[in-house]
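Enquirer: What follows is the file run-v1.cif, containing mmCIF, C-alpha atoms:
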data_entry
loop_
_atom_site.label_atom_id
_atom_site.label_comp_id
_atom_site.auth_asym_id
_atom_site.auth_seq_id
_atom_site.Cartn_x
_atom_site.Cartn_y
_atom_site.Cartn_z
CA MET H 1 81.94 23.24 139.37
CA LYS H 2 85.43 22.51 140.62
CA GLU H 3 87.89 25.39 140.84
CA ARG H 4 90.40 23.66 138.57
CA HIS H 5 87.79 23.46 135.79
CA ILE H 6 88.01 27.23 135.29
CA GLU H 7 90.84 26.60 132.80
CA LEU H 8 88.32 24.96 130.46
CA LEU H 9 86.12 28.06 130.26
CA ALA H 10 86.34 31.28 128.25
CA ASP H 11 84.12 34.30 127.88
CA PRO H 12 81.41 33.45 125.31
CA VAL H 13 81.61 36.95 123.76
CA ASN H 14 85.31 37.78 123.54
CA GLY H 15 86.99 34.42 124.27
CA ARG H 16 89.12 35.77 127.12
CA PRO H 17 89.89 33.64 130.20
CA LEU H 18 87.46 33.81 133.12
CA GLN H 19 88.20 34.11 136.81
CA ILE H 20 86.28 32.95 139.86
CA SER H 21 85.37 36.30 141.42
CA ARG H 22 83.13 34.96 144.18
CA SER H 23 82.65 31.65 145.94
CA ASP H 24 79.63 32.04 148.21
CA ARG H 25 78.99 28.40 149.02
CA ARG H 26 81.19 25.33 148.71
CA LYS H 27 80.98 21.64 149.36
CA ASP H 28 84.45 20.14 149.56
CA GLU H 29 86.09 21.01 146.21
CA GLU H 30 82.78 21.96 144.60
CA ILE H 31 81.70 25.60 144.17
CA ILE H 32 77.92 25.48 144.65
CA ASP H 33 77.11 29.17 144.37
CA GLY H 34 79.36 31.96 143.19
CA GLU H 35 80.33 34.07 140.23
CA LEU H 36 82.67 34.08 137.25
CA ARG H 37 84.13 37.30 135.89
CA GLU H 38 85.92 38.35 132.73
CA PRO H 39 88.42 40.83 134.21
CA VAL H 40 88.85 43.12 131.20
CA SER H 41 85.19 43.82 130.43
CA GLY H 42 83.97 43.18 133.97
CA VAL H 43 81.11 40.99 132.72
CA THR H 44 79.99 38.41 135.28
CA TYR H 45 78.26 35.04 135.05
CA PRO H 46 76.59 33.27 137.98
CA ILE H 47 77.40 29.83 139.35
CA ALA H 48 74.16 28.40 140.73
CA GLY H 49 73.62 24.87 141.97
CA GLY H 50 77.22 24.06 141.08
CA ILE H 51 76.64 24.97 137.42
CA PRO H 52 78.06 28.03 135.59
CA ARG H 53 75.19 29.78 133.80
CA PHE H 54 75.75 31.71 130.57
CA VAL H 55 72.14 32.04 129.40
CA PRO H 56 68.82 33.19 130.89
CA ALA H 57 66.91 30.65 132.98
CA GLU H 58 64.71 29.61 130.04
CA SER H 59 64.77 29.86 126.24
CA TYR H 60 63.29 28.30 123.12
CA ALA H 61 64.16 24.95 124.75
CA ALA H 62 61.90 25.37 127.81
CA ASN H 63 59.97 22.24 126.77
CA PHE H 64 63.14 20.17 127.10
CA GLY H 65 63.89 21.56 130.53
CA PHE H 66 60.37 20.57 131.54
CA GLN H 67 60.48 17.06 130.09
CA TRP H 68 63.87 16.12 131.49
CA HIS H 69 62.76 17.07 134.98
CA ARG H 70 59.60 14.97 134.56
CA HIS H 71 61.52 12.07 133.00
CA ALA H 72 64.94 12.51 134.57
CA ALA H 73 65.60 8.77 134.86
CA THR H 74 63.46 7.25 132.09
CA GLN H 75 66.20 6.88 129.47
CA HIS H 76 69.05 6.06 131.86
CA ASP H 77 70.28 2.49 131.53
CA SER H 78 70.60 2.27 135.30
CA HIS H 79 66.85 2.87 135.52
CA SER H 80 65.57 0.90 132.53
CA GLY H 81 68.06 -1.97 132.56
CA LEU H 82 67.84 -2.01 128.76
CA GLY H 83 71.37 -0.85 127.94
CA VAL H 84 70.12 1.13 124.94
CA SER H 85 71.88 4.41 125.80
CA LYS H 86 75.29 2.78 126.13
CA LYS H 87 74.77 0.91 122.85
CA ARG H 88 73.77 4.09 121.00
CA PHE H 89 76.72 6.02 122.44
CA ARG H 90 79.17 3.33 121.33
CA ASP H 91 77.48 2.72 117.95
CA VAL H 92 77.37 6.38 116.93
CA THR H 93 80.74 7.61 118.21
CA LYS H 94 82.77 4.49 117.32
CA TRP H 95 85.21 5.66 120.00
CA ASP H 96 87.32 3.43 122.22
CA SER H 97 86.03 2.52 125.66
CA ASP H 98 89.14 4.01 127.28
CA LEU H 99 89.52 7.72 126.53
CA ARG H 100 91.70 8.76 129.44
CA GLY H 101 93.59 11.89 128.43
CA TRP H 102 90.78 13.07 126.12
CA HIS H 103 88.66 16.18 126.53
CA VAL H 104 85.12 15.42 125.33
CA LEU H 105 82.31 17.89 124.68
CA GLU H 106 78.68 16.79 124.94
CA ALA H 107 76.26 19.17 123.21
CA GLY H 108 72.74 19.03 124.57
CA CYS H 109 72.95 16.74 127.58
CA GLY H 110 69.20 16.34 128.08
CA SER H 111 68.71 14.04 131.06
CA GLY H 112 72.33 12.85 130.94
CA ARG H 113 71.55 9.43 129.45
CA PHE H 114 74.77 9.54 127.39
CA THR H 115 76.77 11.63 129.85
CA THR H 116 77.26 8.68 132.19
CA HIS H 117 78.75 6.56 129.41
CA ALA H 118 81.08 9.34 128.28
CA LEU H 119 82.27 9.72 131.88
CA ASP H 120 82.89 5.99 132.14
CA THR H 121 85.54 6.24 129.39
CA GLY H 122 87.74 8.24 131.78
CA ALA H 123 87.69 11.34 129.56
CA MET H 124 87.27 14.83 130.97
CA VAL H 125 83.70 15.61 129.91
CA VAL H 126 82.27 19.11 129.46
CA SER H 127 78.50 18.82 129.02
CA PHE H 128 76.13 21.68 128.24
CA ASP H 129 72.50 22.37 127.54
CA VAL H 130 70.66 25.62 126.91
CA SER H 131 67.77 24.48 129.10
CA ARG H 132 67.50 23.82 132.83
CA SER H 133 67.86 20.11 132.10
CA VAL H 134 71.43 20.55 133.36
CA ASP H 135 69.94 20.54 136.86
CA ALA H 136 68.34 17.16 136.20
CA VAL H 137 71.73 15.81 135.11
CA ALA H 138 73.37 17.15 138.26
CA ALA H 139 70.68 15.48 140.38
CA GLN H 140 70.98 12.16 138.53
CA ILE H 141 74.76 11.90 138.23
CA GLY H 142 76.02 14.06 141.08
CA THR H 143 79.52 15.48 141.14
CA ARG H 144 82.29 13.67 139.28
CA ASP H 145 85.94 14.66 139.08
CA ASN H 146 85.85 14.41 135.29
CA LEU H 147 82.59 16.32 134.69
CA LEU H 148 81.93 20.03 134.14
CA LEU H 149 78.26 20.89 133.59
CA ILE H 150 77.38 24.29 132.12
CA GLN H 151 74.19 25.98 130.94
CA ALA H 152 75.10 27.65 127.67
CA ASP H 153 74.03 28.56 124.14
CA ILE H 154 75.44 26.49 121.28
CA TYR H 155 75.99 29.73 119.31
CA ALA H 156 78.02 31.37 122.10
CA LEU H 157 79.93 28.62 123.85
CA PRO H 158 82.00 29.67 126.87
CA LEU H 159 84.83 27.36 125.85
CA ARG H 160 88.23 27.65 124.21
CA PRO H 161 87.96 26.82 120.49
CA HIS H 162 89.80 23.79 119.13
CA SER H 163 90.40 22.23 122.54
CA PHE H 164 88.37 18.99 122.41
CA ASP H 165 89.48 15.55 121.24
CA GLY H 166 85.90 14.41 120.84
CA VAL H 167 82.53 16.14 120.35
CA TYR H 168 79.17 14.42 120.25
CA CYS H 169 75.61 15.66 119.87
CA PHE H 170 72.65 13.26 119.73
CA GLY H 171 69.01 14.22 119.17
CA VAL H 172 69.70 17.95 119.31
CA LEU H 173 70.73 19.64 116.05
CA GLN H 174 67.28 19.56 114.42
CA HIS H 175 65.82 21.32 117.48
CA THR H 176 68.10 24.36 117.27
CA PRO H 177 67.14 27.52 115.36
CA ARG H 178 69.85 27.00 112.70
CA PRO H 179 71.01 23.38 112.59
CA ARG H 180 73.84 23.93 110.10
CA ASP H 181 75.25 26.81 112.16
CA SER H 182 74.93 24.67 115.28
CA PHE H 183 76.99 21.94 113.66
CA MET H 184 79.65 24.43 112.58
CA ALA H 185 79.82 25.84 116.12
CA LEU H 186 80.60 22.34 117.42
CA CYS H 187 83.23 21.73 114.75
CA ARG H 188 85.03 24.88 115.95
CA MET H 189 85.54 23.11 119.28
CA LEU H 190 87.54 20.27 117.70
CA ALA H 191 91.28 20.08 118.26
CA PRO H 192 93.38 18.97 115.27
CA GLY H 193 92.81 15.22 115.01
CA GLY H 194 89.59 15.54 117.04
CA ARG H 195 86.51 13.54 116.11
CA ILE H 196 82.86 14.57 115.98
CA ALA H 197 79.77 12.32 116.04
CA THR H 198 76.28 13.73 115.53
CA ASP H 199 72.85 12.77 114.28
CA VAL H 200 69.87 14.52 112.75
CA TYR H 201 66.27 13.66 111.89
CA PRO H 202 65.88 12.57 108.25
CA ARG H 203 63.85 14.42 105.65
CA THR H 204 62.53 11.43 103.77
CA VAL H 205 59.07 10.62 102.44
CA GLY H 206 58.18 8.23 105.26
CA ARG H 207 59.86 10.05 108.13
CA TYR H 208 58.89 13.58 107.12
CA TRP H 209 56.24 14.02 104.44
CA LEU H 210 54.06 11.16 105.75
CA ASN H 211 54.91 11.72 109.41
CA SER H 212 51.72 12.80 111.18
CA LYS H 213 53.60 14.73 113.89
CA TYR H 214 54.42 17.44 111.35
CA TRP H 215 50.71 17.85 110.63
CA VAL H 216 49.88 18.78 114.23
CA ARG H 217 53.09 20.47 115.37
CA PRO H 218 51.99 23.94 114.12
CA LEU H 219 49.48 23.79 116.99
CA THR H 220 51.25 21.75 119.66
CA ARG H 221 54.61 23.55 119.58
CA ARG H 222 52.87 26.76 120.68
CA MET H 223 51.28 25.19 123.75
CA ARG H 224 52.62 25.57 127.28
CA PRO H 225 54.71 22.48 128.14
CA GLU H 226 52.61 21.74 131.24
CA THR H 227 49.37 21.78 129.20
CA LEU H 228 50.75 19.73 126.33
CA TYR H 229 52.26 17.17 128.69
CA ARG H 230 48.95 16.67 130.49
CA LEU H 231 47.15 16.19 127.16
CA THR H 232 49.88 13.88 125.86
CA ARG H 233 49.82 11.63 128.92
CA GLY H 234 46.03 11.39 128.75
CA TYR H 235 46.11 10.62 125.03
CA VAL H 236 48.72 7.87 125.39
CA GLU H 237 46.80 6.30 128.29
CA ARG H 238 43.61 6.21 126.20
CA MET H 239 45.32 4.91 123.06
CA TRP H 240 47.53 2.32 124.78
CA PRO H 241 45.05 -0.63 124.65
CA LEU H 242 44.62 -0.01 120.91
CA ALA H 243 48.39 0.30 120.47
CA ARG H 244 48.89 -3.13 122.06
CA THR H 245 46.51 -4.61 119.47
CA VAL H 246 47.90 -2.74 116.44
CA ARG H 247 51.43 -3.77 117.45
CA LYS H 248 50.55 -7.38 116.60
CA ILE H 249 50.01 -6.58 112.92
CA PRO H 250 52.98 -8.17 111.13
CA ARG H 251 55.70 -5.84 109.83
CA ILE H 252 53.73 -2.58 109.90
CA GLY H 253 52.21 -2.63 113.40
CA PRO H 254 54.71 -0.32 115.17
CA THR H 255 54.80 2.04 112.17
CA LEU H 256 51.03 2.42 112.34
CA ILE H 257 51.26 3.24 116.05
CA TRP H 258 53.71 6.05 115.31
CA ARG H 259 51.24 7.34 112.69
CA MET H 260 48.64 7.38 115.48
CA LEU H 261 50.93 9.84 117.30
CA VAL H 262 52.01 7.33 119.93
CA ALA H 263 55.74 6.63 120.18
CA ASP H 264 56.28 2.86 120.10
CA TYR H 265 59.63 1.18 120.83
CA SER H 266 58.47 -2.42 121.00
CA ARG H 267 60.54 -3.25 117.92
CA GLU H 268 63.69 -1.53 119.23
CA PHE H 269 63.34 -2.73 122.85
CA PRO H 270 61.91 -6.28 122.64
CA THR H 271 62.76 -7.03 126.30
CA ALA H 272 61.07 -3.91 127.71
CA SER H 273 58.01 -4.35 129.91
CA ASP H 274 54.63 -2.89 128.95
CA GLU H 275 55.01 -0.21 131.62
CA GLN H 276 58.45 0.75 130.31
CA LEU H 277 57.14 1.01 126.76
CA LYS H 278 54.30 3.23 127.94
CA GLU H 279 56.67 5.46 129.94
CA TRP H 280 58.87 5.91 126.86
CA ALA H 281 55.73 6.51 124.77
CA VAL H 282 54.60 9.39 126.97
CA LEU H 283 58.09 10.92 126.96
CA ASP H 284 58.77 10.63 123.24
CA THR H 285 55.26 11.57 122.11
CA PHE H 286 55.68 14.79 124.09
CA ASP H 287 59.22 15.09 122.72
CA MET H 288 58.05 15.01 119.11
CA LEU H 289 55.14 17.44 119.58
CA SER H 290 56.62 20.09 121.87
CA PRO H 291 59.91 21.45 120.40
CA THR H 292 59.86 24.98 119.05
CA TYR H 293 62.07 23.87 116.15
CA ASP H 294 62.20 20.61 114.21
CA TYR H 295 64.29 20.82 111.05
CA PRO H 296 65.06 17.39 109.52
CA GLN H 297 67.75 17.10 106.84
CA THR H 298 68.51 15.02 103.77
CA ALA H 299 71.62 12.84 103.76
CA GLY H 300 73.14 15.14 101.14
CA GLU H 301 72.58 18.26 103.21
CA PHE H 302 74.03 16.61 106.30
CA ARG H 303 77.10 15.41 104.39
CA SER H 304 77.67 18.89 102.96
CA TRP H 305 77.97 20.28 106.50
CA HIS H 306 80.87 17.93 107.17
CA GLN H 307 82.55 18.88 103.92
CA THR H 308 82.13 22.62 104.53
CA ALA H 309 83.74 22.16 107.97
CA ASP H 310 86.83 20.69 106.23
CA LEU H 311 86.43 17.36 108.03
CA THR H 312 88.02 14.16 106.81
CA ASP H 313 87.07 10.50 107.34
CA ILE H 314 83.45 11.56 106.73
CA GLU H 315 80.71 8.98 107.21
CA VAL H 316 76.99 9.70 106.87
CA VAL H 317 74.89 6.59 107.43
CA TRP H 318 71.41 5.55 108.53
CA GLY H 319 71.36 4.87 112.26
CA HIS H 320 69.49 4.91 115.56
CA ASN H 321 67.81 8.30 115.17
CA GLY H 322 67.96 9.01 111.46
CA TRP H 323 71.17 10.16 109.75
CA GLU H 324 74.37 9.70 111.76
CA GLY H 325 77.50 11.61 110.84
CA ARG H 326 81.13 11.18 111.82
CA GLY H 327 84.23 13.10 110.84
CA MET H 328 87.67 14.25 111.95
CA LEU H 329 89.44 17.58 111.86
CA PRO H 330 92.75 16.89 110.05
CA ARG H 331 95.76 16.48 112.33
CA ASP H 332 97.69 19.05 110.30
CA TRP H 333 94.85 21.60 110.46
CA ARG H 334 96.02 25.15 111.05
CA GLN H 335 93.78 28.12 111.81
#
How would this structure read if it were set down as structure tokens?
Expert:
Amino acid sequence: MKERHIELLADPVNGRPLQISRSDRRKDEEIIDGELREPVSGVTYPIAGGIPRFVPAESYAANFGFQWHRHAATQHDSHSGLGVSKKRFRDVTKWDSDLRGWHVLEAGCGSGRFTTHALDTGAMVVSFDVSRSVDAVAAQIGTRDNLLLIQADIYALPLRPHSFDGVYCFGVLQHTPRPRDSFMALCRMLAPGGRIATDVYPRTVGRYWLNSKYWVRPLTRRMRPETLYRLTRGYVERMWPLARTVRKIPRIGPTLIWRMLVADYSREFPTASDEQLKEWAVLDTFDMLSPTYDYPQTAGEFRSWHQTADLTDIEVVWGHNGWEGRGMLPRDWRQ
């Protein structure tokens, strides 16, 4: 982290300002290893690998830390050449391409596939994840003047409330212990006039009740990530010749492949190579079987979250990853 970024942080328990109490190792302006301290209580938080840490090394999201180290580059547009991450970021947020002067919060950075596009807007981006995937983002993106990476819990964010012009969270809410509370925690970060863009898996007949992943997840979500990943890669390799054949069935081919527990993006990424499709299949098959939590929502439930948070300009629509929601905290909002 950069020393000047300390003004963005606050103690996750009492909300008081933090101080840099130790700077053991630096690289130019970057503090690589050190310590933050809340001076009244004396509580300290480590800075390790350039990243302030406010949670234990691992948590319920250990599977995500594992997968984003194994597939650190897979979903990055610079690696795939597909441009799908930039398109999803723009489609879901509906924000301008120039956000200089904004403070943007990214909740659940994963591998950083969207982080790069948020940074390219010129906004000051604070990006967090509860898992060690933050280290994969640091390795992929490196240090940027307008980026602060932190490892933190969505329910105890070490940030000043109501200080962000934009908040986004893609592919994350359903994997937290209490998705509604997670959404509310993010809304508390919005400044008056600030905008939030999120998505959540849908609880529909086809995507939930008939989705075969929910039939096997009671077993797979309890497995060690290393074991499940090895089994998943082997399964996808064995099923891939059949998947190529089933894909040719008009209209329903890709849907049938998903029912076979093989993630298939041939419909979404028509220009992707066979190897790219298989790489994404391994990643996303593991992604759908490994999370500790997977709580899809109806459109009505998702909309009610926005209403309870007193947002305006509410939109809940079908999108890239299920239900997408957008809203704004009123400009005249007062605490």
Enquirer: Could you list, as a PyMOL selection string, every residue within 8 Å of region 228-234 of chain H, counting all atoms listed in the file and ignoring same-chain residues fewer than 5 positions away?
Expert: chain H and resi 220+223+282+285-286+290
Enquirer: Write out as a VMD selection string each polymer residue whose atoms come within 8 Å of Gly193 (chain H), counting all atoms listed in the file; drop sequence neighbours fewer than 2 positions from it.
Expert: chain H and resid 165 190 to 191 195 328 to 332
Enquirer: Can you list, as a PyMOL selection string, the residues that the PyMOL selection byres ((chain H and resi 82-86) around 8) selects here?
Expert: chain H and resi 75-77+80-81+87-90+113-114+117+269+271-272
Enquirer: Name the residues that the PyMOL selection byres ((chain H and resi 72) around 9) pulls out of this structure, and write them as an NGL selection string.
Expert: :H and (67-71 or 73-76 or 110-113 or 133 or 136-137 or 139-140)
Enquirer: Would you translate the PyMOL selection byres ((chain H and resi 21) around 8) into the concrete set of residues it matches in this file, as an mmCIF file with C-alpha atoms, keeping the file's coordinate frame?
Expert:
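Okay, this is what ended up in part_18.cif:
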data_model
loop_
_atom_site.group_PDB
_atom_site.id
_atom_site.type_symbol
_atom_site.label_atom_id
_atom_site.label_comp_id
_atom_site.auth_asym_id
_atom_site.auth_seq_id
_atom_site.Cartn_x
_atom_site.Cartn_y
_atom_site.Cartn_z
ATOM 1 C CA GLN H 19 88.200 34.110 136.810
ATOM 2 C CA ILE H 20 86.280 32.950 139.860
ATOM 3 C CA ARG H 22 83.130 34.960 144.180
ATOM 4 C CA SER H 23 82.650 31.650 145.940
ATOM 5 C CA GLY H 34 79.360 31.960 143.190
ATOM 6 C CA GLU H 35 80.330 34.070 140.230
ATOM 7 C CA LEU H 36 82.670 34.080 137.250
ATOM 8 C CA ARG H 37 84.130 37.300 135.890
#
Enquirer: For Ser78 (chain H), which residue out of H:Ala57, H:Ile51, H:Ile141, H:Leu159 is the nearest one, using only C-alpha atoms?
Expert: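 Ranking H:Ala57, H:Ile51, H:Ile141, H:Leu159 by distance to Ser78 (chain H), first place goes to H:Ile141.
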Enquirer: Could you state the separation of CA of Ala281 (chain H) and CA of Asp264 (chain H) in Å, given to one decimal place?
Expert: 6.0 Å
Enquirer: Per residue of region 154-256 of chain H within 12 Å of region 294-315 of chain H, note the shortest atom pair and the distance in Å to one decimal, counting all atoms listed in the file, and order the rows by chain and increasing residue number, as a tab-separated table.
Expert:
residue	atom	partner	partner_atom	distance
H:Gly171	CA	H:Asp294	CA	10.6
H:Val172	CA	H:Asp294	CA	9.5
H:Leu173	CA	H:Tyr295	CA	8.2
H:Gln174	CA	H:Tyr295	CA	4.7
H:His175	CA	H:Asp294	CA	4.9
H:Thr176	CA	H:Asp294	CA	7.6
H:Pro177	CA	H:Tyr295	CA	8.5
H:Arg178	CA	H:Tyr295	CA	8.5
H:Pro179	CA	H:Tyr295	CA	7.4
H:Arg180	CA	H:Trp305	CA	6.6
H:Asp181	CA	H:Trp305	CA	9.1
H:Ser182	CA	H:Trp305	CA	10.3
H:Phe183	CA	H:Trp305	CA	7.4
H:Met184	CA	H:Ala309	CA	6.6
H:Ala185	CA	H:Ala309	CA	9.8
H:Leu186	CA	H:Ala309	CA	10.0
H:Cys187	CA	H:Ala309	CA	6.8
H:Arg188	CA	H:Ala309	CA	8.5
H:Met189	CA	H:Ala309	CA	11.5
H:Leu190	CA	H:Leu311	CA	10.2
H:Ala191	CA	H:Leu311	CA	11.6
H:Pro192	CA	H:Leu311	CA	10.2
H:Gly193	CA	H:Thr312	CA	9.6
H:Gly194	CA	H:Leu311	CA	9.7
H:Arg195	CA	H:Leu311	CA	8.9
H:Ile196	CA	H:Leu311	CA	9.2
H:Ala197	CA	H:Glu315	CA	9.5
H:Thr198	CA	H:Phe302	CA	9.9
H:Asp199	CA	H:Phe302	CA	8.9
H:Val200	CA	H:Pro296	CA	6.5
H:Tyr201	CA	H:Pro296	CA	4.6
H:Pro202	CA	H:Pro296	CA	5.1
H:Arg203	CA	H:Gln297	CA	4.9
H:Thr204	CA	H:Thr298	CA	7.0
H:Val205	CA	H:Thr298	CA	10.5
H:Arg207	CA	H:Pro296	CA	9.1
H:Tyr208	CA	H:Pro296	CA	7.6
H:Trp209	CA	H:Pro296	CA	10.7
H:Asn211	CA	H:Pro296	CA	11.6
H:Lys213	CA	H:Asp294	CA	10.4
H:Tyr214	CA	H:Asp294	CA	8.9
H:Arg217	CA	H:Asp294	CA	9.2
H:Pro218	CA	H:Asp294	CA	10.7
H:Arg221	CA	H:Asp294	CA	9.8
Enquirer: Choose the residue, out of H:Leu18, H:Leu283, H:Ile249, H:Ala123, that has the smallest atom-to-atom separation from Pro158 (chain H); count all atoms listed in the file.
Expert: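 The closest residue to Pro158 (chain H) is H:Leu18.
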Enquirer: For region 185-200 of chain H, take all atoms listed in the file, fit an axis-aligned box around them, add 3 Å to each of the six sides, then output centre and edge lengths in Å rounded to one decimal, as lines of an AutoDock Vina configuration file.
Expert:
center_x = 81.6
center_y = 19.1
center_z = 116.0
size_x = 29.5
size_y = 19.5
size_z = 12.5
Enquirer: Counting only C-alpha atoms, which of H:Leu256, H:Val316, H:Leu119, H:Ala243 gets nearest to Lys278 (chain H)?
Expert: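 Comparing H:Leu256, H:Val316, H:Leu119, H:Ala243 against Lys278 (chain H), the winner is H:Ala243.
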Enquirer: Which residue is closest to Asn63 (chain H)? Choose from H:Trp240, H:Tyr293, H:Tyr155, H:Tyr45 and count only C-alpha atoms.
Expert: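 Answer, going by the shortest atom-to-atom distance: H:Tyr293.
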Enquirer: One decimal, in Å: what's the spacing between CA of Glu275 (chain H) and CA of Thr255 (chain H)?
Expert: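 Here the two named atoms are 19.6 Å from each other.
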Enquirer: What is the CA of Arg326 (chain H)-CA of Thr93 (chain H) distance in Å, reported with one decimal?
Expert: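 These atoms are spaced 7.3 Å apart.
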Enquirer: Could you list as an MDAnalysis selection string every residue that has an atom within 6 Å of (79.1, 29.9, 132.5), using the file's coordinates and counting all atoms listed in the file?
Expert: chainID H and resid 45 52:54 150
Enquirer: Output C-alpha atoms for every residue in the selection just made, as an mmCIF file, keeping the file's coordinate frame.
Expert:
data_model
loop_
_atom_site.group_PDB
_atom_site.id
_atom_site.type_symbol
_atom_site.label_atom_id
_atom_site.label_comp_id
_atom_site.auth_asym_id
_atom_site.auth_seq_id
_atom_site.Cartn_x
_atom_site.Cartn_y
_atom_site.Cartn_z
ATOM 1 C CA TYR H 45 78.260 35.040 135.050
ATOM 2 C CA PRO H 52 78.060 28.030 135.590
ATOM 3 C CA ARG H 53 75.190 29.780 133.800
ATOM 4 C CA PHE H 54 75.750 31.710 130.570
ATOM 5 C CA ILE H 150 77.380 24.290 132.120
#
Enquirer: Could you check the closest approach to Val167 (chain H) for each of H:Ile31, H:Pro225, H:Gly327, H:Gly49 and tell me which residue wins, using only C-alpha atoms?
Expert: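 Among the listed residues, H:Gly327 lies closest to Val167 (chain H).
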Enquirer: Given the choices H:Asp284, H:Pro46, H:His5, H:Gly65, which gets closest to Glu226 (chain H) if the distance is worked out from only C-alpha atoms?
Expert: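 Among the listed residues, the smallest separation from Glu226 (chain H) belongs to H:Gly65.
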Enquirer: Just the residues within 8 Å of Leu105 (chain H), please, counting only C-alpha atoms, with nothing from its chain fewer than 3 positions along; format it as a PyMOL selection string.
Expert: chain H and resi 125-127+164+166-168
Enquirer: Go ahead and write the selection's residues with C-alpha atoms as a PDB file, in the frame of the given file.
Expert:
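Final output, part-v2.pdb:
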ATOM      1  CA  VAL H 125      83.700  15.610 129.910  1.00  0.00           C
ATOM      2  CA  VAL H 126      82.270  19.110 129.460  1.00  0.00           C
ATOM      3  CA  SER H 127      78.500  18.820 129.020  1.00  0.00           C
ATOM      4  CA  PHE H 164      88.370  18.990 122.410  1.00  0.00           C
ATOM      5  CA  GLY H 166      85.900  14.410 120.840  1.00  0.00           C
ATOM      6  CA  VAL H 167      82.530  16.140 120.350  1.00  0.00           C
ATOM      7  CA  TYR H 168      79.170  14.420 120.250  1.00  0.00           C
TER       8      TYR H 168
END
